[in-house]
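Source file start03.txt; content: compact mmCIF, C-alpha atoms and all ligand atoms.
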# COMPACT_ATOMS: atom_id res chain seq x y z
CA MET H 208 35.43 10.97 -9.09
CA ASN H 209 34.76 10.93 -12.79
CA ILE H 210 32.14 13.60 -13.28
CA ASN H 211 31.63 14.20 -16.94
CA LYS H 212 29.48 16.58 -18.88
CA LYS H 213 26.98 13.96 -19.92
CA GLU H 214 26.09 13.17 -16.33
CA SER H 215 25.57 16.77 -15.24
CA VAL H 216 21.90 16.96 -16.28
CA VAL H 217 19.88 13.94 -15.30
CA ILE H 218 16.18 13.76 -16.09
CA ALA H 219 13.76 11.24 -14.65
CA VAL H 220 10.02 10.72 -14.67
CA ARG H 221 7.98 9.27 -11.83
CA GLU H 222 4.45 8.04 -12.20
CA ALA H 223 2.03 9.09 -9.44
CA PRO H 224 -0.21 6.40 -7.95
CA PHE H 225 -3.62 6.08 -9.62
CA ARG H 226 -6.14 8.08 -7.60
CA ASN H 227 -9.13 6.00 -6.78
CA THR H 228 -11.76 8.69 -6.56
CA GLY H 229 -14.72 6.38 -6.49
CA MET H 230 -16.22 8.73 -9.09
CA GLN H 231 -15.80 6.40 -12.04
CA GLY H 232 -19.03 4.98 -13.38
CA ILE H 233 -19.29 1.70 -15.29
CA ASN H 234 -19.11 3.49 -18.63
CA ASP H 235 -16.62 6.01 -17.44
CA ILE H 236 -13.72 4.04 -16.04
CA GLU H 237 -10.72 6.28 -16.27
CA ARG H 238 -7.90 4.52 -18.01
CA SER H 239 -4.22 5.06 -17.44
CA VAL H 240 -2.44 6.80 -20.30
CA LEU H 241 1.00 5.68 -19.12
CA GLU H 242 2.80 2.44 -19.93
CA PHE H 243 6.16 1.17 -18.75
CA SER H 244 8.02 -1.84 -20.07
CA ARG H 245 10.79 -4.03 -18.75
CA GLU H 246 12.46 -4.03 -22.17
CA CYS H 247 12.85 -0.24 -22.16
CA PRO H 248 13.40 0.71 -18.51
CA LYS H 249 14.27 4.32 -19.36
CA ALA H 250 11.15 4.97 -21.41
CA VAL H 251 7.60 5.92 -20.65
CA VAL H 252 4.82 5.56 -23.18
CA VAL H 253 2.37 8.45 -22.92
CA ASP H 254 -0.85 7.89 -24.82
CA GLY H 255 0.98 5.70 -27.35
CA THR H 256 4.10 7.86 -27.85
CA VAL H 257 7.44 6.71 -26.45
CA TYR H 258 9.60 9.20 -24.51
CA SER H 259 13.04 8.26 -23.20
CA PHE H 260 14.79 9.79 -20.22
CA ASP H 261 17.74 8.88 -18.01
CA HIS H 262 15.38 7.07 -15.67
CA SER H 263 11.73 6.21 -15.77
CA PHE H 264 10.00 5.09 -12.59
CA ASP H 265 6.52 3.61 -12.48
CA SER H 266 4.21 4.09 -9.50
CA LYS H 267 5.61 0.99 -7.78
CA VAL H 268 9.09 2.43 -7.24
CA SER H 269 9.94 2.82 -3.57
CA GLN H 270 11.27 6.02 -2.01
CA GLU H 271 14.49 4.13 -1.23
CA GLN H 272 14.96 2.91 -4.82
CA LEU H 273 14.28 6.38 -6.19
CA TYR H 274 16.80 7.93 -3.80
CA ARG H 275 19.50 5.30 -4.45
CA THR H 276 19.21 5.50 -8.22
CA LEU H 277 18.57 9.16 -8.80
CA ILE H 278 19.78 11.24 -5.86
CA HIS H 279 22.59 9.34 -4.16
CA PRO H 280 24.99 10.11 -7.07
CA LEU H 281 24.18 13.79 -6.57
CA VAL H 282 25.00 13.52 -2.85
CA LEU H 283 28.39 12.05 -3.76
CA LYS H 284 29.01 14.98 -6.12
CA ALA H 285 28.03 17.50 -3.45
CA LEU H 286 30.39 15.78 -0.99
CA ALA H 287 33.14 16.01 -3.61
CA GLY H 288 32.65 19.79 -3.64
CA TYR H 289 30.23 20.36 -6.53
CA ASP H 290 27.07 22.45 -6.29
CA CYS H 291 24.06 20.30 -7.09
CA THR H 292 20.34 20.80 -7.56
CA ALA H 293 17.50 18.28 -7.45
CA MET H 294 14.18 19.69 -8.58
CA ALA H 295 10.66 18.25 -8.78
CA TYR H 296 8.37 19.56 -11.50
CA GLY H 297 4.81 18.54 -12.28
CA GLN H 298 1.10 19.00 -11.78
CA THR H 299 -0.30 19.38 -8.26
CA GLY H 300 -1.00 16.01 -6.66
CA THR H 301 1.59 14.04 -8.62
CA GLY H 302 3.91 13.45 -5.64
CA LYS H 303 6.47 16.28 -5.86
CA SER H 304 6.47 17.04 -2.13
CA TYR H 305 6.18 13.34 -1.26
CA SER H 306 9.22 12.59 -3.42
CA MET H 307 11.31 15.50 -2.19
CA GLY H 308 10.48 14.77 1.45
CA MET H 309 9.82 18.32 2.55
CA THR H 310 6.92 17.50 4.79
CA ALA H 311 7.48 17.98 8.49
CA GLU H 312 5.54 14.95 9.67
CA ARG H 313 7.24 11.94 11.13
CA MET H 314 6.54 9.05 8.82
CA SER H 315 7.38 5.40 8.49
CA GLU H 316 10.75 4.63 6.93
CA GLU H 317 9.32 3.53 3.56
CA HIS H 318 7.67 6.92 2.96
CA VAL H 319 10.64 9.11 3.94
CA GLY H 320 11.59 11.32 1.00
CA ILE H 321 14.72 12.78 -0.54
CA VAL H 322 15.73 15.58 1.88
CA PRO H 323 16.06 13.40 5.02
CA ARG H 324 17.74 10.62 3.04
CA CYS H 325 20.31 13.09 1.67
CA LEU H 326 21.04 14.50 5.11
CA LYS H 327 21.38 11.02 6.58
CA ASP H 328 24.01 10.00 4.02
CA ILE H 329 25.86 13.34 4.20
CA LEU H 330 26.13 13.15 8.00
CA LYS H 331 27.23 9.53 7.76
CA TYR H 332 29.93 10.21 5.15
CA MET H 333 31.17 13.24 7.09
CA ASN H 334 31.17 11.36 10.35
CA ILE H 335 28.88 13.86 12.04
CA ASN H 336 26.49 12.91 14.79
CA ASP H 337 25.01 14.64 17.78
CA GLN H 338 26.94 12.61 20.35
CA LYS H 339 28.76 15.28 22.38
CA GLU H 340 32.03 16.44 20.81
CA ASN H 341 32.59 15.54 17.20
CA HIS H 342 36.33 15.10 17.04
CA ALA H 343 36.11 12.78 14.09
CA ALA H 344 33.83 15.10 12.07
CA MET H 345 35.24 16.03 8.70
CA GLY H 346 33.43 19.32 8.39
CA GLU H 347 30.13 20.99 9.10
CA VAL H 348 26.67 20.76 7.62
CA PHE H 349 24.00 23.48 7.60
CA ALA H 350 20.56 23.76 6.07
CA SER H 351 18.36 26.64 4.95
CA PHE H 352 14.71 26.69 3.89
CA ILE H 353 13.28 29.40 1.65
CA GLU H 354 10.11 29.96 -0.31
CA VAL H 355 9.67 31.81 -3.56
CA TYR H 356 6.28 33.32 -4.23
CA ASN H 357 5.34 35.78 -6.93
CA GLU H 358 8.93 36.61 -7.77
CA LYS H 359 9.98 37.19 -4.18
CA ALA H 360 12.09 34.95 -1.95
CA TYR H 361 11.22 34.51 1.76
CA ASP H 362 13.44 33.04 4.45
CA LEU H 363 11.20 30.51 6.18
CA LEU H 364 13.56 30.34 9.16
CA ALA H 365 13.64 34.10 9.74
CA VAL H 366 11.89 35.94 12.57
CA ASP H 367 9.83 37.97 10.12
CA VAL H 368 8.77 35.61 7.38
CA ASN H 369 6.68 38.28 5.68
CA GLU H 370 9.73 40.33 4.82
CA PRO H 371 11.02 39.24 1.42
CA LEU H 372 14.72 38.66 1.01
CA THR H 373 16.13 41.43 -1.11
CA SER H 374 19.57 42.50 -2.11
CA ARG H 375 19.08 45.26 0.49
CA THR H 376 18.55 42.85 3.40
CA HIS H 377 21.17 40.49 2.02
CA PRO H 378 23.83 42.45 0.13
CA ARG H 379 24.86 39.29 -1.60
CA PHE H 380 21.89 36.98 -1.45
CA THR H 381 22.93 34.10 0.74
CA GLY H 382 19.87 31.93 0.53
CA GLY H 383 18.53 32.61 4.01
CA THR H 384 19.24 31.52 7.58
CA CYS H 385 21.54 28.51 7.82
CA MET H 386 21.00 26.17 10.77
CA PRO H 387 23.61 23.61 11.84
CA MET H 388 22.62 20.01 11.12
CA LYS H 389 23.88 17.18 13.27
CA SER H 390 20.93 14.85 13.23
CA GLN H 391 17.57 14.15 11.65
CA ARG H 392 16.04 15.95 14.61
CA ASP H 393 17.70 19.22 13.53
CA LEU H 394 16.24 18.76 10.06
CA LEU H 395 12.78 17.94 11.35
CA GLN H 396 12.89 21.15 13.38
CA ILE H 397 13.59 23.37 10.39
CA LEU H 398 11.03 21.54 8.26
CA MET H 399 8.44 22.07 10.99
CA LEU H 400 9.31 25.75 11.47
CA GLY H 401 9.46 26.34 7.72
CA THR H 402 6.16 24.60 7.07
CA LYS H 403 4.46 26.55 9.86
CA ASN H 404 5.93 29.84 8.61
CA ARG H 405 4.83 29.01 5.09
CA HIS H 406 1.22 28.75 6.28
CA VAL H 407 1.50 31.86 8.46
CA ARG H 408 2.93 33.82 5.57
CA ALA H 409 0.32 32.60 3.11
CA THR H 410 -2.49 33.49 5.55
CA ASN H 411 -1.07 36.88 6.49
CA MET H 412 -0.44 37.88 2.94
CA ASN H 413 -3.55 36.30 1.55
CA ASN H 414 -1.74 34.17 -0.93
CA ASN H 415 -1.64 30.57 -1.88
CA SER H 416 1.32 28.50 -0.72
CA SER H 417 0.62 25.85 -3.35
CA ARG H 418 1.72 28.45 -5.89
CA SER H 419 5.05 28.90 -4.20
CA HIS H 420 8.31 27.06 -4.66
CA ALA H 421 10.03 25.57 -1.61
CA ILE H 422 13.81 25.22 -1.52
CA VAL H 423 15.84 23.37 1.10
CA THR H 424 19.58 23.81 0.71
CA ILE H 425 22.07 21.55 2.48
CA HIS H 426 25.40 23.37 2.83
CA ILE H 427 28.50 21.22 3.17
CA GLN H 428 31.55 22.92 4.62
CA GLN H 429 34.79 20.98 4.38
CA GLY H 430 37.81 23.15 5.09
CA PHE H 431 37.68 26.01 2.60
CA GLN H 432 35.35 24.12 0.35
CA HIS H 433 31.66 24.98 0.49
CA SER H 434 29.23 23.09 -1.69
CA ARG H 435 25.48 23.21 -1.76
CA LEU H 436 22.81 20.67 -2.47
CA ASN H 437 19.55 22.45 -3.38
CA ILE H 438 16.35 20.45 -3.19
CA ILE H 439 13.53 22.28 -4.91
CA ASP H 440 9.82 21.48 -4.69
CA LEU H 441 8.34 23.62 -7.44
CA ALA H 442 4.79 24.98 -7.46
CA GLY H 443 2.26 22.95 -9.44
CA SER H 444 3.05 23.20 -13.15
CA GLU H 445 -0.61 23.98 -13.91
CA SER H 446 -0.54 27.15 -11.83
CA ILE H 447 2.64 28.25 -13.56
CA ARG H 448 1.13 27.50 -16.97
CA ARG H 449 -2.46 28.56 -16.47
CA THR H 450 -1.53 32.13 -15.80
CA GLY H 451 0.13 32.38 -19.20
CA ASN H 452 2.95 34.87 -19.61
CA GLU H 453 2.54 36.12 -16.11
CA GLY H 454 2.98 32.55 -14.94
CA ILE H 455 6.12 32.14 -16.97
CA ALA H 456 7.42 35.36 -15.48
CA ARG H 457 6.60 33.96 -12.07
CA ALA H 458 8.49 30.75 -12.76
CA GLU H 459 11.41 32.80 -13.98
CA GLY H 460 11.13 34.88 -10.86
CA VAL H 461 12.11 31.88 -8.79
CA PHE H 462 15.55 32.04 -10.17
CA ILE H 463 15.79 35.79 -10.67
CA ASN H 464 15.05 36.32 -6.99
CA MET H 465 17.66 33.85 -5.96
CA GLY H 466 20.16 35.72 -8.06
CA LEU H 467 19.57 33.10 -10.69
CA MET H 468 18.08 33.50 -14.11
CA GLY H 469 14.57 32.60 -15.19
CA ILE H 470 14.16 28.91 -15.55
CA ASN H 471 13.15 29.14 -19.19
CA LYS H 472 15.97 31.53 -19.94
CA VAL H 473 18.38 29.33 -18.06
CA MET H 474 17.29 26.37 -20.07
CA ALA H 475 17.35 28.28 -23.36
CA SER H 476 20.81 29.74 -22.83
CA LEU H 477 22.30 26.59 -21.45
CA SER H 478 20.90 24.58 -24.31
CA ALA H 479 22.49 27.12 -26.66
CA GLY H 480 25.78 26.28 -24.92
CA ARG H 481 26.24 29.68 -23.30
CA SER H 482 27.46 29.86 -19.79
CA LEU H 483 25.88 32.53 -17.61
CA ILE H 484 24.32 33.30 -14.26
CA PRO H 485 26.35 34.62 -11.38
CA TYR H 486 24.72 32.45 -8.72
CA PRO H 487 26.89 29.42 -8.05
CA SER H 488 24.17 26.86 -7.51
CA PHE H 489 22.24 26.90 -10.73
CA ASN H 490 24.73 27.77 -13.38
CA SER H 491 26.73 26.07 -16.03
CA GLN H 492 28.95 24.67 -13.31
CA CYS H 493 26.48 22.65 -11.31
CA SER H 494 24.75 19.33 -11.65
CA LEU H 495 21.02 19.26 -12.09
CA THR H 496 18.65 16.37 -11.56
CA LEU H 497 15.05 16.94 -12.56
CA LEU H 498 12.27 14.66 -11.40
CA ALA H 499 9.22 15.11 -13.58
CA CYS H 500 6.17 13.84 -11.71
CA ILE H 501 3.34 12.73 -13.96
CA SER H 502 -0.23 11.58 -13.53
CA PRO H 503 -1.48 8.34 -15.11
CA HIS H 504 -5.02 9.74 -15.53
CA ALA H 505 -6.46 10.34 -18.98
CA SER H 506 -8.08 13.52 -17.71
CA ASP H 507 -4.60 14.91 -16.89
CA LEU H 508 -3.09 14.06 -20.28
CA ASN H 509 -2.48 17.66 -21.42
CA GLU H 510 -0.68 18.56 -18.23
CA THR H 511 1.33 15.31 -18.40
CA LEU H 512 2.41 16.06 -21.97
CA SER H 513 3.39 19.57 -20.95
CA THR H 514 5.53 18.15 -18.11
CA ILE H 515 7.13 15.67 -20.52
CA ARG H 516 7.98 18.55 -22.90
CA PHE H 517 9.49 20.56 -20.03
CA ALA H 518 11.61 17.54 -19.04
CA LYS H 519 12.76 17.01 -22.62
CA ASN H 520 13.80 20.70 -22.88
CA ALA H 521 15.70 20.46 -19.60
CA LYS H 522 17.79 17.62 -21.04
CA GLN H 523 19.12 19.99 -23.71
CA MET H 524 21.02 22.01 -21.12
CA LYS H 525 24.77 21.92 -21.36
CA ILE H 526 26.31 22.24 -17.97
CA THR H 527 29.74 21.25 -16.79
CA PRO H 528 30.29 20.61 -13.11
CA GLN H 529 33.27 22.39 -11.57
CA LEU H 530 34.45 22.49 -8.02
CA SER H 531 32.76 25.17 -5.98
CA GLN H 532 35.02 28.16 -5.33
CA GLN H 533 34.18 28.90 -1.73
P1 LIG F 601 2.34 17.45 -5.05
O1 LIG F 601 3.38 17.96 -4.11
O2 LIG F 601 2.90 17.13 -6.41
O3 LIG F 601 1.14 18.33 -5.14
P2 LIG F 601 1.99 15.39 -3.06
O4 LIG F 601 3.42 14.99 -2.87
O5 LIG F 601 1.40 16.27 -2.04
O6 LIG F 601 1.81 16.04 -4.51
O7 LIG F 601 1.16 14.06 -3.26
C1 LIG F 601 -0.25 14.04 -3.20
C2 LIG F 601 -0.70 12.90 -2.28
O8 LIG F 601 -0.35 11.64 -2.82
C3 LIG F 601 -0.04 12.97 -0.91
O9 LIG F 601 -0.98 12.57 0.05
C4 LIG F 601 1.09 11.98 -1.01
O10 LIG F 601 1.44 11.45 0.25
C5 LIG F 601 0.52 10.93 -1.94
N1 LIG F 601 1.55 10.28 -2.78
C6 LIG F 601 2.16 10.85 -3.84
N2 LIG F 601 3.02 9.99 -4.43
C7 LIG F 601 2.94 8.84 -3.70
C8 LIG F 601 3.58 7.56 -3.79
N3 LIG F 601 4.47 7.29 -4.77
N4 LIG F 601 3.25 6.63 -2.89
C9 LIG F 601 2.36 6.89 -1.90
N5 LIG F 601 1.72 8.07 -1.76
C10 LIG F 601 2.00 9.04 -2.64
MG MG F 602 3.35 19.78 -2.99

Could you rewrite the structure in this file as structure tokens?
Ligand code: ADP
Ligand code: MG
Amino acid sequence: MNINKKESVVIAVREAPFRNTGMQGINDIERSVLEFSRECPKAVVVDGTVYSFDHSFDSKVSQEQLYRTLIHPLVLKALAGYDCTAMAYGQTGTGKSYSMGMTAERMSEEHVGIVPRCLKDILKYMNINDQKENHAAMGEVFASFIEVYNEKAYDLLAVDVNEPLTSRTHPRFTGGTCMPMKSQRDLLQILMLGTKNRHVRATNMNNNSSRSHAIVTIHIQQGFQHSRLNIIDLAGSESIRRTGNEGIARAEGVFINMGLMGINKVMASLSAGRSLIPYPSFNSQCSLTLLACISPHASDLNETLSTIRFAKNAKQMKITPQLSQQ
């Protein structure tokens, strides 16, 4: 497969549906600040200024179209042995979790998000199914589900979800419990357990799970080759921003606690062309796809512009995919 440098960071924006709050008065009809045009399919116009990305999706894009265009290429890279990360960033309520498909509910096909669609294709390509013996299977697939809150990582599939993952509990941080995946049912089970544990943990520890980052990793084992596809549903950008420096530290903590670097530092160093970071899945050797979710509402304009800036910065990263070593 021809995987070149240019393709290794892909940035897209997705417009959230307009919320009909019923609050708008006759003189106070909230207008949309976003415009999309057929002539420039990669651009979004935010309050009159044009911003171009690799892809720009308006609110009418289907989950299937989004997956096919943006994520399916990443699945092919992961199957070819490259570590890959898909990450949703944006204000609360803009469709990050909906897009990533981390919710544990059964839903109609059209609403199914990225995680189940990735697993479906990976199992299909690897010839894995849950029909008795899998003689034809070309490898094994596992998944893990972790949460990062306040600079600590928690294994959502562990017995004690209140115990943060540390280098003491995991000498070399492995990313949490890995469960074998042979069908969508296996995935639904870990999403249900993880979601339940996320609530239990938040309640027990008196913290807010909407401020935490959720990470599902699909591990693909083919012979000696082990590649990972990380799907990250970040906390609402406003809670990261609103807390100022502490918030930035918290966002950085996501990656520090995974053995990664702070997101801002990662972006700064990668955009300076330096290669760093010991963790294999978010380094200069992986592919990153960022989905920036944005609100069309005028009242959200500042947050939307901040998300657009974040997405523009992310595009500056220089990363070169290389085959995973293990
Ligand atoms: P976030 O994770 O960014 O806070 P959610 O994914 O929870 O946002 O989305 C907020 C609500 O809007 C949810 O009820 C979700 O199902 C719905 N939603 C978001 N995007 C879409 C979409 N493109 N089509 C239909 N419903 C959507
Ligand atoms: Mg969410």

task = List all protein, DNA and RNA residues that have an atom no more than 8 Å from any atom of ligand MG 602 (chain F), counting only C-alpha atoms and all ligand atoms, and report them as a VMD selection string.
result = chain H and resid 299 to 300 302 to 305 417 440 to 443

message = as number ranges by chain, please: the residues near Lys403 in chain H (cut-off 10 Å, only C-alpha atoms, same-chain neighbours under 4 positions excluded).
response = H: 311, 363-364, 397-399, 407-409

message = Would you pick out the contacts of range 221-227 of chain H at 6 Å or less, using only C-alpha atoms, so that residues sharing its chain but fewer than 2 positions from it are not included, and give the list as JSON, numbers by chain?
response = {"H": [229, 264, 265, 266, 301, 500, 501, 502]}

query = Looking at H:Gly297, H:Gly288, H:Gly383, H:Pro503, which one is nearest to ligand LIG 601 (chain F), with distances taken over only C-alpha atoms and all ligand atoms?
reply =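 With only C-alpha atoms and all ligand atoms as the atom set, the closest residue is H:Gly297.
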
Residue nearest ligand LIG 601 (chain F) among H:Lys267, H:Arg435, H:His420, H:Arg392 (counting all atoms listed in the file) =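 Checking each of H:Lys267, H:Arg435, H:His420, H:Arg392 against ligand LIG 601 (chain F), counting all atoms listed in the file, the winner is H:Lys267.
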
Please complete range 282-315 of chain H with N, CA and C atoms and give it back as a PDB file, keeping the file's coordinate frame.
ATOM      1  N   VAL H 282      24.435  13.343  -4.197  1.00  0.00           N
ATOM      2  CA  VAL H 282      25.000  13.520  -2.850  1.00  0.00           C
ATOM      3  C   VAL H 282      26.516  13.309  -2.904  1.00  0.00           C
ATOM      4  N   LEU H 283      26.946  12.299  -3.636  1.00  0.00           N
ATOM      5  CA  LEU H 283      28.390  12.050  -3.760  1.00  0.00           C
ATOM      6  C   LEU H 283      29.087  13.224  -4.434  1.00  0.00           C
ATOM      7  N   LYS H 284      28.432  13.809  -5.451  1.00  0.00           N
ATOM      8  CA  LYS H 284      29.010  14.980  -6.120  1.00  0.00           C
ATOM      9  C   LYS H 284      29.095  16.163  -5.169  1.00  0.00           C
ATOM     10  N   ALA H 285      28.031  16.382  -4.398  1.00  0.00           N
ATOM     11  CA  ALA H 285      28.030  17.500  -3.450  1.00  0.00           C
ATOM     12  C   ALA H 285      29.146  17.301  -2.418  1.00  0.00           C
ATOM     13  N   LEU H 286      29.326  16.066  -1.957  1.00  0.00           N
ATOM     14  CA  LEU H 286      30.390  15.780  -0.990  1.00  0.00           C
ATOM     15  C   LEU H 286      31.773  15.978  -1.609  1.00  0.00           C
ATOM     16  N   ALA H 287      31.854  15.802  -2.924  1.00  0.00           N
ATOM     17  CA  ALA H 287      33.140  16.010  -3.610  1.00  0.00           C
ATOM     18  C   ALA H 287      33.364  17.484  -3.916  1.00  0.00           C
ATOM     19  N   GLY H 288      32.424  18.349  -3.510  1.00  0.00           N
ATOM     20  CA  GLY H 288      32.650  19.790  -3.640  1.00  0.00           C
ATOM     21  C   GLY H 288      31.889  20.467  -4.775  1.00  0.00           C
ATOM     22  N   TYR H 289      30.977  19.761  -5.413  1.00  0.00           N
ATOM     23  CA  TYR H 289      30.230  20.360  -6.530  1.00  0.00           C
ATOM     24  C   TYR H 289      28.856  20.850  -6.048  1.00  0.00           C
ATOM     25  N   ASP H 290      28.420  21.983  -6.582  1.00  0.00           N
ATOM     26  CA  ASP H 290      27.070  22.450  -6.290  1.00  0.00           C
ATOM     27  C   ASP H 290      26.074  21.608  -7.089  1.00  0.00           C
ATOM     28  N   CYS H 291      25.017  21.196  -6.439  1.00  0.00           N
ATOM     29  CA  CYS H 291      24.060  20.300  -7.090  1.00  0.00           C
ATOM     30  C   CYS H 291      22.634  20.736  -6.809  1.00  0.00           C
ATOM     31  N   THR H 292      21.752  20.465  -7.747  1.00  0.00           N
ATOM     32  CA  THR H 292      20.340  20.800  -7.560  1.00  0.00           C
ATOM     33  C   THR H 292      19.463  19.625  -7.973  1.00  0.00           C
ATOM     34  N   ALA H 293      18.528  19.273  -7.096  1.00  0.00           N
ATOM     35  CA  ALA H 293      17.500  18.280  -7.450  1.00  0.00           C
ATOM     36  C   ALA H 293      16.167  19.016  -7.410  1.00  0.00           C
ATOM     37  N   MET H 294      15.382  18.866  -8.457  1.00  0.00           N
ATOM     38  CA  MET H 294      14.180  19.690  -8.580  1.00  0.00           C
ATOM     39  C   MET H 294      13.003  18.813  -9.011  1.00  0.00           C
ATOM     40  N   ALA H 295      11.851  18.998  -8.360  1.00  0.00           N
ATOM     41  CA  ALA H 295      10.660  18.250  -8.780  1.00  0.00           C
ATOM     42  C   ALA H 295       9.720  19.187  -9.515  1.00  0.00           C
ATOM     43  N   TYR H 296       9.260  18.755 -10.664  1.00  0.00           N
ATOM     44  CA  TYR H 296       8.370  19.560 -11.500  1.00  0.00           C
ATOM     45  C   TYR H 296       7.149  18.703 -11.814  1.00  0.00           C
ATOM     46  N   GLY H 297       5.992  19.302 -11.886  1.00  0.00           N
ATOM     47  CA  GLY H 297       4.810  18.540 -12.280  1.00  0.00           C
ATOM     48  C   GLY H 297       3.534  19.128 -11.706  1.00  0.00           C
ATOM     49  N   GLN H 298       2.451  18.577 -12.184  1.00  0.00           N
ATOM     50  CA  GLN H 298       1.100  19.000 -11.780  1.00  0.00           C
ATOM     51  C   GLN H 298       0.873  18.760 -10.283  1.00  0.00           C
ATOM     52  N   THR H 299       0.050  19.585  -9.673  1.00  0.00           N
ATOM     53  CA  THR H 299      -0.300  19.380  -8.260  1.00  0.00           C
ATOM     54  C   THR H 299      -0.891  17.980  -8.059  1.00  0.00           C
ATOM     55  N   GLY H 300      -0.453  17.318  -6.994  1.00  0.00           N
ATOM     56  CA  GLY H 300      -1.000  16.010  -6.660  1.00  0.00           C
ATOM     57  C   GLY H 300      -0.236  14.842  -7.271  1.00  0.00           C
ATOM     58  N   THR H 301       0.858  15.134  -7.970  1.00  0.00           N
ATOM     59  CA  THR H 301       1.590  14.040  -8.620  1.00  0.00           C
ATOM     60  C   THR H 301       2.763  13.531  -7.776  1.00  0.00           C
ATOM     61  N   GLY H 302       2.898  14.017  -6.538  1.00  0.00           N
ATOM     62  CA  GLY H 302       3.910  13.450  -5.640  1.00  0.00           C
ATOM     63  C   GLY H 302       5.225  14.212  -5.581  1.00  0.00           C
ATOM     64  N   LYS H 303       5.218  15.494  -5.936  1.00  0.00           N
ATOM     65  CA  LYS H 303       6.470  16.280  -5.860  1.00  0.00           C
ATOM     66  C   LYS H 303       6.957  16.386  -4.413  1.00  0.00           C
ATOM     67  N   SER H 304       6.063  16.847  -3.525  1.00  0.00           N
ATOM     68  CA  SER H 304       6.470  17.040  -2.130  1.00  0.00           C
ATOM     69  C   SER H 304       6.764  15.697  -1.462  1.00  0.00           C
ATOM     70  N   TYR H 305       5.951  14.693  -1.799  1.00  0.00           N
ATOM     71  CA  TYR H 305       6.180  13.340  -1.260  1.00  0.00           C
ATOM     72  C   TYR H 305       7.574  12.855  -1.664  1.00  0.00           C
ATOM     73  N   SER H 306       7.914  13.035  -2.938  1.00  0.00           N
ATOM     74  CA  SER H 306       9.220  12.590  -3.420  1.00  0.00           C
ATOM     75  C   SER H 306      10.352  13.362  -2.759  1.00  0.00           C
ATOM     76  N   MET H 307      10.227  14.688  -2.706  1.00  0.00           N
ATOM     77  CA  MET H 307      11.310  15.500  -2.190  1.00  0.00           C
ATOM     78  C   MET H 307      11.447  15.384  -0.666  1.00  0.00           C
ATOM     79  N   GLY H 308      10.400  14.995   0.006  1.00  0.00           N
ATOM     80  CA  GLY H 308      10.480  14.770   1.450  1.00  0.00           C
ATOM     81  C   GLY H 308      10.567  16.051   2.249  1.00  0.00           C
ATOM     82  N   MET H 309       9.764  17.030   1.852  1.00  0.00           N
ATOM     83  CA  MET H 309       9.820  18.320   2.550  1.00  0.00           C
ATOM     84  C   MET H 309       8.771  18.433   3.645  1.00  0.00           C
ATOM     85  N   THR H 310       7.962  17.405   3.773  1.00  0.00           N
ATOM     86  CA  THR H 310       6.920  17.500   4.790  1.00  0.00           C
ATOM     87  C   THR H 310       7.512  17.281   6.173  1.00  0.00           C
ATOM     88  N   ALA H 311       6.913  17.963   7.145  1.00  0.00           N
ATOM     89  CA  ALA H 311       7.480  17.980   8.490  1.00  0.00           C
ATOM     90  C   ALA H 311       6.979  16.837   9.358  1.00  0.00           C
ATOM     91  N   GLU H 312       6.084  16.021   8.818  1.00  0.00           N
ATOM     92  CA  GLU H 312       5.540  14.950   9.670  1.00  0.00           C
ATOM     93  C   GLU H 312       6.567  13.829   9.818  1.00  0.00           C
ATOM     94  N   ARG H 313       6.457  13.170  10.974  1.00  0.00           N
ATOM     95  CA  ARG H 313       7.240  11.940  11.130  1.00  0.00           C
ATOM     96  C   ARG H 313       6.506  10.878  10.348  1.00  0.00           C
ATOM     97  N   MET H 314       7.226  10.087   9.586  1.00  0.00           N
ATOM     98  CA  MET H 314       6.540   9.050   8.820  1.00  0.00           C
ATOM     99  C   MET H 314       7.339   7.754   8.856  1.00  0.00           C
ATOM    100  N   SER H 315       6.672   6.680   8.443  1.00  0.00           N
ATOM    101  CA  SER H 315       7.380   5.400   8.490  1.00  0.00           C
ATOM    102  C   SER H 315       8.484   5.421   7.438  1.00  0.00           C
TER     103      SER H 315
END
